[in-house]
>>> print(open('my_file20.csv').read())   # CSV, N, CA and C atoms
chain,number,residue,atom,x,y,z
A,10,MET,N,-119.8,184.5,57.6
A,10,MET,CA,-120.4,185.8,57.8
A,10,MET,C,-119.7,186.9,57.1
A,11,ASN,N,-120.4,187.9,56.7
A,11,ASN,CA,-119.8,189.1,56.1
A,11,ASN,C,-119.9,190.2,57.0
A,12,TYR,N,-118.8,190.9,57.2
A,12,TYR,CA,-118.7,192.1,58.0
A,12,TYR,C,-118.3,193.3,57.2
A,13,LYS,N,-119.1,194.3,57.2
A,13,LYS,CA,-118.6,195.6,56.6
A,13,LYS,C,-118.5,196.6,57.8
A,14,ILE,N,-117.3,197.0,58.0
A,14,ILE,CA,-117.0,198.0,59.0
A,14,ILE,C,-116.9,199.4,58.4
A,15,TYR,N,-118.0,200.2,58.6
A,15,TYR,CA,-118.1,201.5,58.0
A,15,TYR,C,-117.4,202.5,59.0
A,16,VAL,N,-116.5,203.3,58.5
A,16,VAL,CA,-115.9,204.4,59.3
A,16,VAL,C,-116.3,205.7,58.6
A,17,VAL,N,-117.0,206.5,59.4
A,17,VAL,CA,-117.5,207.8,58.9
A,17,VAL,C,-116.6,208.9,59.3
A,18,GLY,N,-116.0,209.6,58.4
A,18,GLY,CA,-115.2,210.8,58.8
A,18,GLY,C,-113.9,210.9,58.1
A,19,ASN,N,-112.9,211.4,58.7
A,19,ASN,CA,-111.6,211.7,58.2
A,19,ASN,C,-110.9,210.4,57.7
A,20,LYS,N,-109.9,210.6,56.9
A,20,LYS,CA,-109.1,209.5,56.4
A,20,LYS,C,-108.4,208.8,57.5
A,21,ILE,N,-108.4,207.5,57.4
A,21,ILE,CA,-107.7,206.7,58.5
A,21,ILE,C,-106.2,206.7,58.1
A,22,GLN,N,-105.4,206.9,59.2
A,22,GLN,CA,-103.9,206.9,59.0
A,22,GLN,C,-103.4,205.6,58.5
A,23,LYS,N,-102.3,205.6,57.7
A,23,LYS,CA,-101.7,204.4,57.1
A,23,LYS,C,-101.3,203.3,58.1
A,24,PHE,N,-100.8,203.7,59.3
A,24,PHE,CA,-100.4,202.7,60.2
A,24,PHE,C,-101.6,201.9,60.8
A,25,TYR,N,-102.7,202.6,60.8
A,25,TYR,CA,-104.0,201.8,61.2
A,25,TYR,C,-104.4,200.9,60.1
A,26,THR,N,-104.4,201.4,58.8
A,26,THR,CA,-104.9,200.6,57.7
A,26,THR,C,-104.0,199.4,57.5
A,27,ASP,N,-102.7,199.5,57.8
A,27,ASP,CA,-101.8,198.4,57.7
A,27,ASP,C,-102.1,197.3,58.7
A,28,ARG,N,-102.4,197.7,59.9
A,28,ARG,CA,-102.8,196.7,60.9
A,28,ARG,C,-104.2,196.1,60.5
A,29,ILE,N,-105.1,196.9,60.1
A,29,ILE,CA,-106.4,196.3,59.7
A,29,ILE,C,-106.3,195.3,58.6
A,30,LYS,N,-105.4,195.6,57.6
A,30,LYS,CA,-105.2,194.7,56.5
A,30,LYS,C,-104.7,193.3,57.0
A,31,GLU,N,-103.8,193.4,58.0
A,31,GLU,CA,-103.3,192.1,58.6
A,31,GLU,C,-104.5,191.4,59.3
A,32,TYR,N,-105.3,192.0,60.0
A,32,TYR,CA,-106.5,191.3,60.6
A,32,TYR,C,-107.5,190.8,59.6
A,33,VAL,N,-107.7,191.6,58.5
A,33,VAL,CA,-108.5,191.1,57.4
A,33,VAL,C,-108.0,189.8,56.8
A,34,LYS,N,-106.7,189.7,56.7
A,34,LYS,CA,-106.0,188.5,56.2
A,34,LYS,C,-106.2,187.4,57.1
A,35,ARG,N,-106.0,187.6,58.4
A,35,ARG,CA,-106.2,186.6,59.4
A,35,ARG,C,-107.6,186.1,59.5
A,36,LEU,N,-108.5,187.0,59.4
A,36,LEU,CA,-110.0,186.7,59.5
A,36,LEU,C,-110.5,186.0,58.3
A,37,SER,N,-109.8,186.1,57.2
A,37,SER,CA,-110.4,185.5,56.0
A,37,SER,C,-110.7,184.0,56.1
A,38,ARG,N,-110.0,183.3,57.0
A,38,ARG,CA,-110.3,181.9,57.2
A,38,ARG,C,-111.6,181.6,57.9
A,39,TYR,N,-112.2,182.7,58.6
A,39,TYR,CA,-113.4,182.5,59.4
A,39,TYR,C,-114.6,183.2,58.8
A,40,CYS,N,-114.3,184.4,58.1
A,40,CYS,CA,-115.4,185.2,57.7
A,40,CYS,C,-114.9,186.1,56.6
A,41,LYS,N,-115.8,187.0,56.1
A,41,LYS,CA,-115.4,187.9,55.0
A,41,LYS,C,-115.6,189.4,55.6
A,42,PRO,N,-114.5,189.9,56.1
A,42,PRO,CA,-114.5,191.3,56.6
A,42,PRO,C,-114.1,192.3,55.6
A,43,SER,N,-114.6,193.5,55.7
A,43,SER,CA,-114.1,194.6,54.9
A,43,SER,C,-114.2,195.9,55.6
A,44,LEU,N,-113.3,196.8,55.3
A,44,LEU,CA,-113.3,198.2,55.9
A,44,LEU,C,-113.9,199.1,54.8
A,45,VAL,N,-114.9,199.9,55.1
A,45,VAL,CA,-115.5,200.7,54.2
A,45,VAL,C,-115.5,202.2,54.7
A,46,PRO,N,-114.5,203.0,54.3
A,46,PRO,CA,-114.5,204.4,54.7
A,46,PRO,C,-115.5,205.2,53.9
A,47,VAL,N,-116.2,206.0,54.6
A,47,VAL,CA,-117.2,206.9,54.0
A,47,VAL,C,-116.9,208.3,54.5
A,48,LYS,N,-117.1,209.3,53.6
A,48,LYS,CA,-116.8,210.7,53.9
A,48,LYS,C,-117.8,211.3,54.9
A,49,ASN,N,-119.0,211.0,54.8
A,49,ASN,CA,-120.0,211.7,55.6
A,49,ASN,C,-121.2,210.7,55.9
A,50,GLU,N,-122.1,211.2,56.7
A,50,GLU,CA,-123.3,210.3,57.1
A,50,GLU,C,-124.2,210.1,56.0
A,51,GLU,N,-124.4,211.0,55.0
A,51,GLU,CA,-125.3,210.8,53.9
A,51,GLU,C,-124.8,209.7,53.0
A,52,ASP,N,-123.4,209.6,52.8
A,52,ASP,CA,-122.9,208.5,52.1
A,52,ASP,C,-123.1,207.2,52.8
A,53,LEU,N,-122.9,207.2,54.1
A,53,LEU,CA,-123.2,206.0,54.9
A,53,LEU,C,-124.6,205.5,54.7
A,54,LEU,N,-125.5,206.4,54.8
A,54,LEU,CA,-127.0,206.0,54.8
A,54,LEU,C,-127.3,205.4,53.4
A,55,LYS,N,-126.6,205.9,52.3
A,55,LYS,CA,-126.8,205.3,51.0
A,55,LYS,C,-126.2,203.9,50.9
A,56,LYS,N,-125.1,203.6,51.6
A,56,LYS,CA,-124.5,202.4,51.4
A,56,LYS,C,-125.0,201.3,52.3
A,57,LEU,N,-125.6,201.6,53.4
A,57,LEU,CA,-126.2,200.6,54.3
A,57,LEU,C,-127.3,199.8,53.7
A,58,SER,N,-127.2,198.5,53.8
A,58,SER,CA,-128.2,197.6,53.3
A,58,SER,C,-129.3,197.4,54.3
A,59,PRO,N,-130.6,197.5,53.9
A,59,PRO,CA,-131.6,197.2,54.9
A,59,PRO,C,-131.6,195.8,55.5
A,60,LYS,N,-131.0,194.9,54.8
A,60,LYS,CA,-130.9,193.5,55.2
A,60,LYS,C,-129.8,193.2,56.3
A,61,SER,N,-128.9,194.2,56.4
A,61,SER,CA,-127.8,194.0,57.4
A,61,SER,C,-128.3,194.2,58.8
A,62,TYR,N,-127.6,193.4,59.7
A,62,TYR,CA,-127.8,193.6,61.1
A,62,TYR,C,-126.8,194.7,61.5
A,63,LYS,N,-127.3,195.9,62.0
A,63,LYS,CA,-126.4,197.0,62.2
A,63,LYS,C,-126.0,197.2,63.6
A,64,ILE,N,-124.7,197.3,63.9
A,64,ILE,CA,-124.2,197.5,65.2
A,64,ILE,C,-123.4,198.9,65.2
A,65,LEU,N,-123.8,199.8,66.0
A,65,LEU,CA,-123.1,201.1,66.2
A,65,LEU,C,-122.1,200.9,67.2
A,66,ILE,N,-120.9,201.5,67.0
A,66,ILE,CA,-119.8,201.5,68.0
A,66,ILE,C,-119.8,203.0,68.5
A,67,ALA,N,-120.1,203.1,69.8
A,67,ALA,CA,-120.0,204.5,70.4
A,67,ALA,C,-119.6,204.3,71.8
A,68,SER,N,-119.1,205.4,72.4
A,68,SER,CA,-118.5,205.3,73.8
A,68,SER,C,-119.6,205.0,74.8
A,69,TYR,N,-120.9,205.3,74.5
A,69,TYR,CA,-122.0,205.1,75.4
A,69,TYR,C,-122.7,203.7,75.2
A,70,GLY,N,-122.1,202.9,74.3
A,70,GLY,CA,-122.7,201.6,74.1
A,70,GLY,C,-122.4,200.6,75.2
A,71,ALA,N,-123.0,199.4,75.1
A,71,ALA,CA,-122.8,198.3,76.0
A,71,ALA,C,-121.4,197.8,75.9
A,72,GLN,N,-120.7,197.5,77.0
A,72,GLN,CA,-119.4,197.0,77.0
A,72,GLN,C,-119.4,195.5,77.1
A,73,LEU,N,-118.7,194.8,76.3
A,73,LEU,CA,-118.7,193.3,76.3
A,73,LEU,C,-117.2,192.8,76.6
A,74,SER,N,-117.1,191.7,77.2
A,74,SER,CA,-115.8,191.1,77.3
A,74,SER,C,-115.6,190.4,75.9
A,75,SER,N,-114.3,189.9,75.7
A,75,SER,CA,-114.0,189.2,74.5
A,75,SER,C,-114.9,187.9,74.4
A,76,GLU,N,-115.1,187.2,75.5
A,76,GLU,CA,-115.9,186.0,75.5
A,76,GLU,C,-117.4,186.3,75.2
A,77,GLU,N,-117.9,187.5,75.7
A,77,GLU,CA,-119.2,187.9,75.4
A,77,GLU,C,-119.4,188.2,73.9
A,78,LEU,N,-118.4,188.9,73.4
A,78,LEU,CA,-118.4,189.2,71.9
A,78,LEU,C,-118.4,188.0,71.1
A,79,ALA,N,-117.6,187.0,71.5
A,79,ALA,CA,-117.6,185.7,70.8
A,79,ALA,C,-118.9,185.0,70.8
A,80,SER,N,-119.6,185.0,71.9
A,80,SER,CA,-120.9,184.5,72.1
A,80,SER,C,-121.9,185.2,71.2
A,81,LYS,N,-121.8,186.5,71.2
A,81,LYS,CA,-122.8,187.3,70.3
A,81,LYS,C,-122.6,187.0,68.9
A,82,ILE,N,-121.3,186.9,68.4
A,82,ILE,CA,-121.0,186.6,67.0
A,82,ILE,C,-121.5,185.2,66.7
A,83,ASN,N,-121.3,184.3,67.5
A,83,ASN,CA,-121.7,182.9,67.3
A,83,ASN,C,-123.3,182.9,67.2
A,84,HIS,N,-123.9,183.6,68.1
A,84,HIS,CA,-125.4,183.6,68.1
A,84,HIS,C,-126.0,184.3,66.9
A,85,LEU,N,-125.3,185.4,66.4
A,85,LEU,CA,-125.8,186.0,65.2
A,85,LEU,C,-125.7,185.0,64.0
A,86,GLY,N,-124.6,184.3,64.0
A,86,GLY,CA,-124.3,183.3,62.9
A,86,GLY,C,-125.4,182.2,62.9
A,87,VAL,N,-125.7,181.7,64.0
A,87,VAL,CA,-126.6,180.5,64.0
A,87,VAL,C,-128.1,181.0,63.9
A,88,SER,N,-128.3,182.3,64.2
A,88,SER,CA,-129.7,182.8,64.0
A,88,SER,C,-130.0,183.3,62.6
A,89,GLY,N,-129.0,183.1,61.7
A,89,GLY,CA,-129.2,183.5,60.3
A,89,GLY,C,-128.9,184.9,59.9
A,90,LYS,N,-128.3,185.6,60.8
A,90,LYS,CA,-127.8,187.0,60.5
A,90,LYS,C,-126.4,187.0,60.0
A,91,SER,N,-126.2,186.9,58.7
A,91,SER,CA,-124.9,186.7,58.2
A,91,SER,C,-124.3,188.0,57.6
A,92,ASP,N,-125.1,189.0,57.4
A,92,ASP,CA,-124.5,190.3,56.9
A,92,ASP,C,-124.6,191.3,58.1
A,93,ILE,N,-123.4,191.6,58.5
A,93,ILE,CA,-123.3,192.5,59.7
A,93,ILE,C,-122.6,193.8,59.2
A,94,ALA,N,-123.3,194.9,59.5
A,94,ALA,CA,-122.7,196.2,59.3
A,94,ALA,C,-122.3,196.8,60.6
A,95,ILE,N,-121.1,197.2,60.8
A,95,ILE,CA,-120.6,197.8,62.0
A,95,ILE,C,-120.2,199.2,61.7
A,96,ILE,N,-120.8,200.1,62.4
A,96,ILE,CA,-120.7,201.6,62.1
A,96,ILE,C,-119.9,202.3,63.2
A,97,ILE,N,-118.9,203.0,62.7
A,97,ILE,CA,-118.0,203.8,63.6
A,97,ILE,C,-118.1,205.2,63.2
A,98,GLY,N,-118.4,206.2,64.1
A,98,GLY,CA,-118.4,207.6,63.8
A,98,GLY,C,-119.7,208.2,63.3
A,99,SER,N,-120.8,207.5,63.5
A,99,SER,CA,-122.0,208.0,63.1
A,99,SER,C,-122.9,208.5,64.2
A,100,THR,N,-123.8,209.5,64.0
A,100,THR,CA,-124.8,209.8,64.9
A,100,THR,C,-126.2,209.7,64.3
A,101,LYS,N,-126.3,209.5,63.0
A,101,LYS,CA,-127.6,209.5,62.3
A,101,LYS,C,-128.0,208.1,61.9
A,102,ALA,N,-127.2,207.1,61.9
A,102,ALA,CA,-127.6,205.8,61.4
A,102,ALA,C,-128.5,205.1,62.3
A,103,ASN,N,-129.5,204.4,61.8
A,103,ASN,CA,-130.3,203.5,62.6
A,103,ASN,C,-129.5,202.3,62.9
A,104,TYR,N,-129.7,201.7,64.0
A,104,TYR,CA,-128.9,200.5,64.4
A,104,TYR,C,-129.8,199.5,65.2
A,105,ASP,N,-129.4,198.3,65.2
A,105,ASP,CA,-130.0,197.2,66.0
A,105,ASP,C,-129.5,197.1,67.4
A,106,GLU,N,-128.2,197.5,67.5
A,106,GLU,CA,-127.5,197.4,68.8
A,106,GLU,C,-126.4,198.4,68.8
A,107,CYS,N,-126.0,198.8,70.0
A,107,CYS,CA,-124.9,199.8,70.2
A,107,CYS,C,-123.9,199.2,71.2
A,108,LEU,N,-122.7,199.1,70.8
A,108,LEU,CA,-121.6,198.5,71.6
A,108,LEU,C,-120.5,199.6,71.8
A,109,ALA,N,-119.7,199.4,72.8
A,109,ALA,CA,-118.6,200.3,73.1
A,109,ALA,C,-117.3,199.5,73.1
A,110,ILE,N,-116.3,200.1,72.5
A,110,ILE,CA,-114.9,199.6,72.6
A,110,ILE,C,-114.4,200.0,74.0
A,111,SER,N,-114.7,201.3,74.3
A,111,SER,CA,-114.2,201.9,75.5
A,111,SER,C,-115.2,203.1,75.8
A,112,PRO,N,-115.3,203.4,77.1
A,112,PRO,CA,-116.1,204.6,77.4
A,112,PRO,C,-115.4,205.9,77.0
A,113,MET,N,-114.1,205.8,76.7
A,113,MET,CA,-113.3,207.0,76.3
A,113,MET,C,-113.5,207.2,74.8
A,114,GLU,N,-113.4,208.4,74.4
A,114,GLU,CA,-113.4,208.8,73.0
A,114,GLU,C,-112.0,208.5,72.4
A,115,MET,N,-112.0,208.0,71.2
A,115,MET,CA,-110.7,207.7,70.6
A,115,MET,C,-110.7,208.0,69.1
A,116,ASP,N,-109.6,208.0,68.5
A,116,ASP,CA,-109.4,208.2,67.0
A,116,ASP,C,-110.2,207.1,66.3
A,117,LEU,N,-110.8,207.5,65.2
A,117,LEU,CA,-111.6,206.5,64.4
A,117,LEU,C,-110.8,205.3,63.9
A,118,GLY,N,-109.5,205.6,63.5
A,118,GLY,CA,-108.6,204.5,63.0
A,118,GLY,C,-108.3,203.6,64.1
A,119,LEU,N,-108.0,204.1,65.3
A,119,LEU,CA,-107.7,203.2,66.4
A,119,LEU,C,-108.9,202.4,66.8
A,120,THR,N,-110.1,203.0,66.8
A,120,THR,CA,-111.3,202.2,67.1
A,120,THR,C,-111.5,201.1,66.1
A,121,ALA,N,-111.3,201.4,64.8
A,121,ALA,CA,-111.5,200.4,63.8
A,121,ALA,C,-110.5,199.2,64.0
A,122,THR,N,-109.2,199.6,64.3
A,122,THR,CA,-108.2,198.6,64.5
A,122,THR,C,-108.5,197.7,65.6
A,123,ILE,N,-108.9,198.3,66.8
A,123,ILE,CA,-109.3,197.5,67.9
A,123,ILE,C,-110.5,196.6,67.6
A,124,LEU,N,-111.4,197.1,66.9
A,124,LEU,CA,-112.6,196.3,66.5
A,124,LEU,C,-112.2,195.1,65.7
A,125,PHE,N,-111.4,195.3,64.7
A,125,PHE,CA,-110.9,194.1,63.9
A,125,PHE,C,-110.2,193.1,64.7
A,126,GLU,N,-109.3,193.6,65.7
A,126,GLU,CA,-108.6,192.7,66.5
A,126,GLU,C,-109.6,191.9,67.4
A,127,GLN,N,-110.6,192.6,67.9
A,127,GLN,CA,-111.6,191.9,68.8
A,127,GLN,C,-112.4,190.9,68.0
A,128,ILE,N,-112.8,191.2,66.8
A,128,ILE,CA,-113.5,190.2,66.0
A,128,ILE,C,-112.6,189.0,65.7
A,129,TYR,N,-111.3,189.2,65.4
A,129,TYR,CA,-110.4,188.1,65.3
A,129,TYR,C,-110.3,187.3,66.6
A,130,ARG,N,-110.1,187.9,67.7
A,130,ARG,CA,-110.0,187.3,69.0
A,130,ARG,C,-111.3,186.4,69.2
A,131,ALA,N,-112.5,187.0,68.9
A,131,ALA,CA,-113.7,186.3,69.1
A,131,ALA,C,-113.8,185.0,68.3
A,132,TYR,N,-113.3,185.0,67.0
A,132,TYR,CA,-113.3,183.8,66.2
A,132,TYR,C,-112.3,182.8,66.7
A,133,ARG,N,-111.2,183.2,67.3
A,133,ARG,CA,-110.3,182.3,67.9
A,133,ARG,C,-110.9,181.6,69.1
A,134,ILE,N,-111.7,182.4,69.9
A,134,ILE,CA,-112.4,181.8,71.0
A,134,ILE,C,-113.5,180.9,70.6
A,135,ILE,N,-114.3,181.2,69.6
A,135,ILE,CA,-115.3,180.4,69.1
A,135,ILE,C,-114.8,179.0,68.6
A,136,ASN,N,-113.6,179.1,68.0
A,136,ASN,CA,-113.0,177.8,67.4
A,136,ASN,C,-112.1,177.2,68.4
A,137,ASN,N,-112.1,177.6,69.7
A,137,ASN,CA,-111.2,177.0,70.7
A,137,ASN,C,-109.8,177.0,70.3
A,138,GLU,N,-109.3,178.1,69.7
A,138,GLU,CA,-107.9,178.2,69.3
A,138,GLU,C,-107.2,179.1,70.2
A,139,PRO,N,-105.9,178.9,70.5
A,139,PRO,CA,-105.2,179.8,71.4
A,139,PRO,C,-105.1,181.2,70.9
A,140,TYR,N,-105.1,182.1,71.8
A,140,TYR,CA,-104.9,183.6,71.6
A,140,TYR,C,-104.3,184.2,72.8
A,141,HIS,N,-103.3,185.0,72.7
A,141,HIS,CA,-102.7,185.6,73.9
A,141,HIS,C,-103.7,186.5,74.6
A,142,LYS,N,-103.5,186.6,75.9
A,142,LYS,CA,-104.4,187.5,76.7
A,142,LYS,C,-103.5,188.6,77.2
>>> encode(input="my_file20.csv", output="structure tokens")
Amino acid sequence: MNYKIYVVGNKIQKFYTDRIKEYVKRLSRYCKPSLVPVKNEEDLLKKLSPKSYKILIASYGAQLSSEELASKINHLGVSGKSDIAIIIGSTKANYDECLAISPMEMDLGLTATILFEQIYRAYRIINNEPYHK
């Protein structure tokens, strides 16, 4: 599966991008993830593919456990949805589903880092591999 995680807004701080790079490296054995920073919503709308399954990350979205996220990722894969666009920091993008990392507002870089970690955790669960809790 291909994941493009779009972050709309300010530049992400280096300590977040360093952690994200580590998760991209770890995830490369399971899928093809990438971080796509965009300056504004207009740039985002130009980059989004109509073929992608779009998930918006917002504080008002549905909250899932790690196991539920793993099940969702597995279901998307077997249902033929292999291009996933995950959008952080947008209010204008059309989306297929809205999920929350937390009901609290947080920095875009922190949200992206947690998202990459949760995707990694989901793949460990899907593959019955150990991961600390």
>>> residues_around(input="my_file20.csv", residues="range 116-131 of chain A", least_positions_apart="4", cutoff="6 Å", atoms="all atoms listed in the file", output="list of chain:residue names")
A:Ile21, A:Gln22, A:Tyr25, A:Ile29, A:Tyr32, A:Leu36, A:Ser75, A:Leu78, A:Ala79, A:Ile135, A:Asn136
>>> atom_distance(input="my_file20.csv", atom1="CA of Ile110 in chain A", atom2="CA of Ala71 in chain A")
8.7 Å
>>> residues_near_point(input="my_file20.csv", point="(-116.4, 182.8, 52.5)", cutoff="12 Å", atoms="only C-alpha atoms", output="list in words")
Met10, Asn11, Tyr12, Leu36, Ser37, Arg38, Tyr39, Cys40, Lys41, Pro42, Ser91 and Asp92 of chain A
>>> select_by_dssp(input="my_file20.csv", residues="chain A", states="alpha helix (DSSP H)", output="compact mmCIF listing (two decimals) with N, CA and C atoms, in the frame of the given file")
# COMPACT_ATOMS: atom_id res chain seq x y z
N LYS A 23 -102.30 205.60 57.70
CA LYS A 23 -101.70 204.40 57.10
C LYS A 23 -101.30 203.30 58.10
N PHE A 24 -100.80 203.70 59.30
CA PHE A 24 -100.40 202.70 60.20
C PHE A 24 -101.60 201.90 60.80
N TYR A 25 -102.70 202.60 60.80
CA TYR A 25 -104.00 201.80 61.20
C TYR A 25 -104.40 200.90 60.10
N THR A 26 -104.40 201.40 58.80
CA THR A 26 -104.90 200.60 57.70
C THR A 26 -104.00 199.40 57.50
N ASP A 27 -102.70 199.50 57.80
CA ASP A 27 -101.80 198.40 57.70
C ASP A 27 -102.10 197.30 58.70
N ARG A 28 -102.40 197.70 59.90
CA ARG A 28 -102.80 196.70 60.90
C ARG A 28 -104.20 196.10 60.50
N ILE A 29 -105.10 196.90 60.10
CA ILE A 29 -106.40 196.30 59.70
C ILE A 29 -106.30 195.30 58.60
N LYS A 30 -105.40 195.60 57.60
CA LYS A 30 -105.20 194.70 56.50
C LYS A 30 -104.70 193.30 57.00
N GLU A 31 -103.80 193.40 58.00
CA GLU A 31 -103.30 192.10 58.60
C GLU A 31 -104.50 191.40 59.30
N TYR A 32 -105.30 192.00 60.00
CA TYR A 32 -106.50 191.30 60.60
C TYR A 32 -107.50 190.80 59.60
N VAL A 33 -107.70 191.60 58.50
CA VAL A 33 -108.50 191.10 57.40
C VAL A 33 -108.00 189.80 56.80
N LYS A 34 -106.70 189.70 56.70
CA LYS A 34 -106.00 188.50 56.20
C LYS A 34 -106.20 187.40 57.10
N ARG A 35 -106.00 187.60 58.40
CA ARG A 35 -106.20 186.60 59.40
C ARG A 35 -107.60 186.10 59.50
N LEU A 36 -108.50 187.00 59.40
CA LEU A 36 -110.00 186.70 59.50
C LEU A 36 -110.50 186.00 58.30
N GLU A 50 -122.10 211.20 56.70
CA GLU A 50 -123.30 210.30 57.10
C GLU A 50 -124.20 210.10 56.00
N GLU A 51 -124.40 211.00 55.00
CA GLU A 51 -125.30 210.80 53.90
C GLU A 51 -124.80 209.70 53.00
N ASP A 52 -123.40 209.60 52.80
CA ASP A 52 -122.90 208.50 52.10
C ASP A 52 -123.10 207.20 52.80
N LEU A 53 -122.90 207.20 54.10
CA LEU A 53 -123.20 206.00 54.90
C LEU A 53 -124.60 205.50 54.70
N LEU A 54 -125.50 206.40 54.80
CA LEU A 54 -127.00 206.00 54.80
C LEU A 54 -127.30 205.40 53.40
N LYS A 55 -126.60 205.90 52.30
CA LYS A 55 -126.80 205.30 51.00
C LYS A 55 -126.20 203.90 50.90
N LYS A 56 -125.10 203.60 51.60
CA LYS A 56 -124.50 202.40 51.40
C LYS A 56 -125.00 201.30 52.30
N SER A 75 -114.30 189.90 75.70
CA SER A 75 -114.00 189.20 74.50
C SER A 75 -114.90 187.90 74.40
N GLU A 76 -115.10 187.20 75.50
CA GLU A 76 -115.90 186.00 75.50
C GLU A 76 -117.40 186.30 75.20
N GLU A 77 -117.90 187.50 75.70
CA GLU A 77 -119.20 187.90 75.40
C GLU A 77 -119.40 188.20 73.90
N LEU A 78 -118.40 188.90 73.40
CA LEU A 78 -118.40 189.20 71.90
C LEU A 78 -118.40 188.00 71.10
N ALA A 79 -117.60 187.00 71.50
CA ALA A 79 -117.60 185.70 70.80
C ALA A 79 -118.90 185.00 70.80
N SER A 80 -119.60 185.00 71.90
CA SER A 80 -120.90 184.50 72.10
C SER A 80 -121.90 185.20 71.20
N LYS A 81 -121.80 186.50 71.20
CA LYS A 81 -122.80 187.30 70.30
C LYS A 81 -122.60 187.00 68.90
N ILE A 82 -121.30 186.90 68.40
CA ILE A 82 -121.00 186.60 67.00
C ILE A 82 -121.50 185.20 66.70
N ASN A 83 -121.30 184.30 67.50
CA ASN A 83 -121.70 182.90 67.30
C ASN A 83 -123.30 182.90 67.20
N HIS A 84 -123.90 183.60 68.10
CA HIS A 84 -125.40 183.60 68.10
C HIS A 84 -126.00 184.30 66.90
N LEU A 85 -125.30 185.40 66.40
CA LEU A 85 -125.80 186.00 65.20
C LEU A 85 -125.70 185.00 64.00
N GLY A 86 -124.60 184.30 64.00
CA GLY A 86 -124.30 183.30 62.90
C GLY A 86 -125.40 182.20 62.90
N VAL A 87 -125.70 181.70 64.00
CA VAL A 87 -126.60 180.50 64.00
C VAL A 87 -128.10 181.00 63.90
N LEU A 117 -110.80 207.50 65.20
CA LEU A 117 -111.60 206.50 64.40
C LEU A 117 -110.80 205.30 63.90
N GLY A 118 -109.50 205.60 63.50
CA GLY A 118 -108.60 204.50 63.00
C GLY A 118 -108.30 203.60 64.10
N LEU A 119 -108.00 204.10 65.30
CA LEU A 119 -107.70 203.20 66.40
C LEU A 119 -108.90 202.40 66.80
N THR A 120 -110.10 203.00 66.80
CA THR A 120 -111.30 202.20 67.10
C THR A 120 -111.50 201.10 66.10
N ALA A 121 -111.30 201.40 64.80
CA ALA A 121 -111.50 200.40 63.80
C ALA A 121 -110.50 199.20 64.00
N THR A 122 -109.20 199.60 64.30
CA THR A 122 -108.20 198.60 64.50
C THR A 122 -108.50 197.70 65.60
N ILE A 123 -108.90 198.30 66.80
CA ILE A 123 -109.30 197.50 67.90
C ILE A 123 -110.50 196.60 67.60
N LEU A 124 -111.40 197.10 66.90
CA LEU A 124 -112.60 196.30 66.50
C LEU A 124 -112.20 195.10 65.70
N PHE A 125 -111.40 195.30 64.70
CA PHE A 125 -110.90 194.10 63.90
C PHE A 125 -110.20 193.10 64.70
N GLU A 126 -109.30 193.60 65.70
CA GLU A 126 -108.60 192.70 66.50
C GLU A 126 -109.60 191.90 67.40
N GLN A 127 -110.60 192.60 67.90
CA GLN A 127 -111.60 191.90 68.80
C GLN A 127 -112.40 190.90 68.00
N ILE A 128 -112.80 191.20 66.80
CA ILE A 128 -113.50 190.20 66.00
C ILE A 128 -112.60 189.00 65.70
N TYR A 129 -111.30 189.20 65.40
CA TYR A 129 -110.40 188.10 65.30
C TYR A 129 -110.30 187.30 66.60
N ARG A 130 -110.10 187.90 67.70
CA ARG A 130 -110.00 187.30 69.00
C ARG A 130 -111.30 186.40 69.20
N ALA A 131 -112.50 187.00 68.90
CA ALA A 131 -113.70 186.30 69.10
C ALA A 131 -113.80 185.00 68.30
N TYR A 132 -113.30 185.00 67.00
CA TYR A 132 -113.30 183.80 66.20
C TYR A 132 -112.30 182.80 66.70
N ARG A 133 -111.20 183.20 67.30
CA ARG A 133 -110.30 182.30 67.90
C ARG A 133 -110.90 181.60 69.10
N ILE A 134 -111.70 182.40 69.90
CA ILE A 134 -112.40 181.80 71.00
C ILE A 134 -113.50 180.90 70.60
N ILE A 135 -114.30 181.20 69.60
CA ILE A 135 -115.30 180.40 69.10
C ILE A 135 -114.80 179.00 68.60
>>> atom_distance(input="my_file20.csv", atom1="atom C of Val17 in chain A", atom2="CA of Pro59 in chain A")
19.5 Å
>>> residues_around(input="my_file20.csv", residues="range 101-104 of chain A", least_positions_apart="5", cutoff="7 Å", atoms="only N, CA and C atoms", output="PyMOL selection string")
chain A and resi 50+54+62-65
>>> write_last_selection(input="my_file20.csv", atoms="N, CA and C atoms", output="PDB file, in the frame of the given file")
ATOM      1  N   GLU A  50    -122.100 211.200  56.700  1.00  0.00           N
ATOM      2  CA  GLU A  50    -123.300 210.300  57.100  1.00  0.00           C
ATOM      3  C   GLU A  50    -124.200 210.100  56.000  1.00  0.00           C
ATOM      4  N   LEU A  54    -125.500 206.400  54.800  1.00  0.00           N
ATOM      5  CA  LEU A  54    -127.000 206.000  54.800  1.00  0.00           C
ATOM      6  C   LEU A  54    -127.300 205.400  53.400  1.00  0.00           C
ATOM      7  N   TYR A  62    -127.600 193.400  59.700  1.00  0.00           N
ATOM      8  CA  TYR A  62    -127.800 193.600  61.100  1.00  0.00           C
ATOM      9  C   TYR A  62    -126.800 194.700  61.500  1.00  0.00           C
ATOM     10  N   LYS A  63    -127.300 195.900  62.000  1.00  0.00           N
ATOM     11  CA  LYS A  63    -126.400 197.000  62.200  1.00  0.00           C
ATOM     12  C   LYS A  63    -126.000 197.200  63.600  1.00  0.00           C
ATOM     13  N   ILE A  64    -124.700 197.300  63.900  1.00  0.00           N
ATOM     14  CA  ILE A  64    -124.200 197.500  65.200  1.00  0.00           C
ATOM     15  C   ILE A  64    -123.400 198.900  65.200  1.00  0.00           C
ATOM     16  N   LEU A  65    -123.800 199.800  66.000  1.00  0.00           N
ATOM     17  CA  LEU A  65    -123.100 201.100  66.200  1.00  0.00           C
ATOM     18  C   LEU A  65    -122.100 200.900  67.200  1.00  0.00           C
TER      19      LEU A  65
END
>>> residues_near_point(input="my_file20.csv", point="(-121.2, 201.8, 70.8)", cutoff="6.5 Å", atoms="all atoms listed in the file", output="list in words")
Leu65, Ile66, Ala67, Ser68, Tyr69, Gly70, Ala71, Cys107, Leu108, Ala109 and Ile110 of chain A
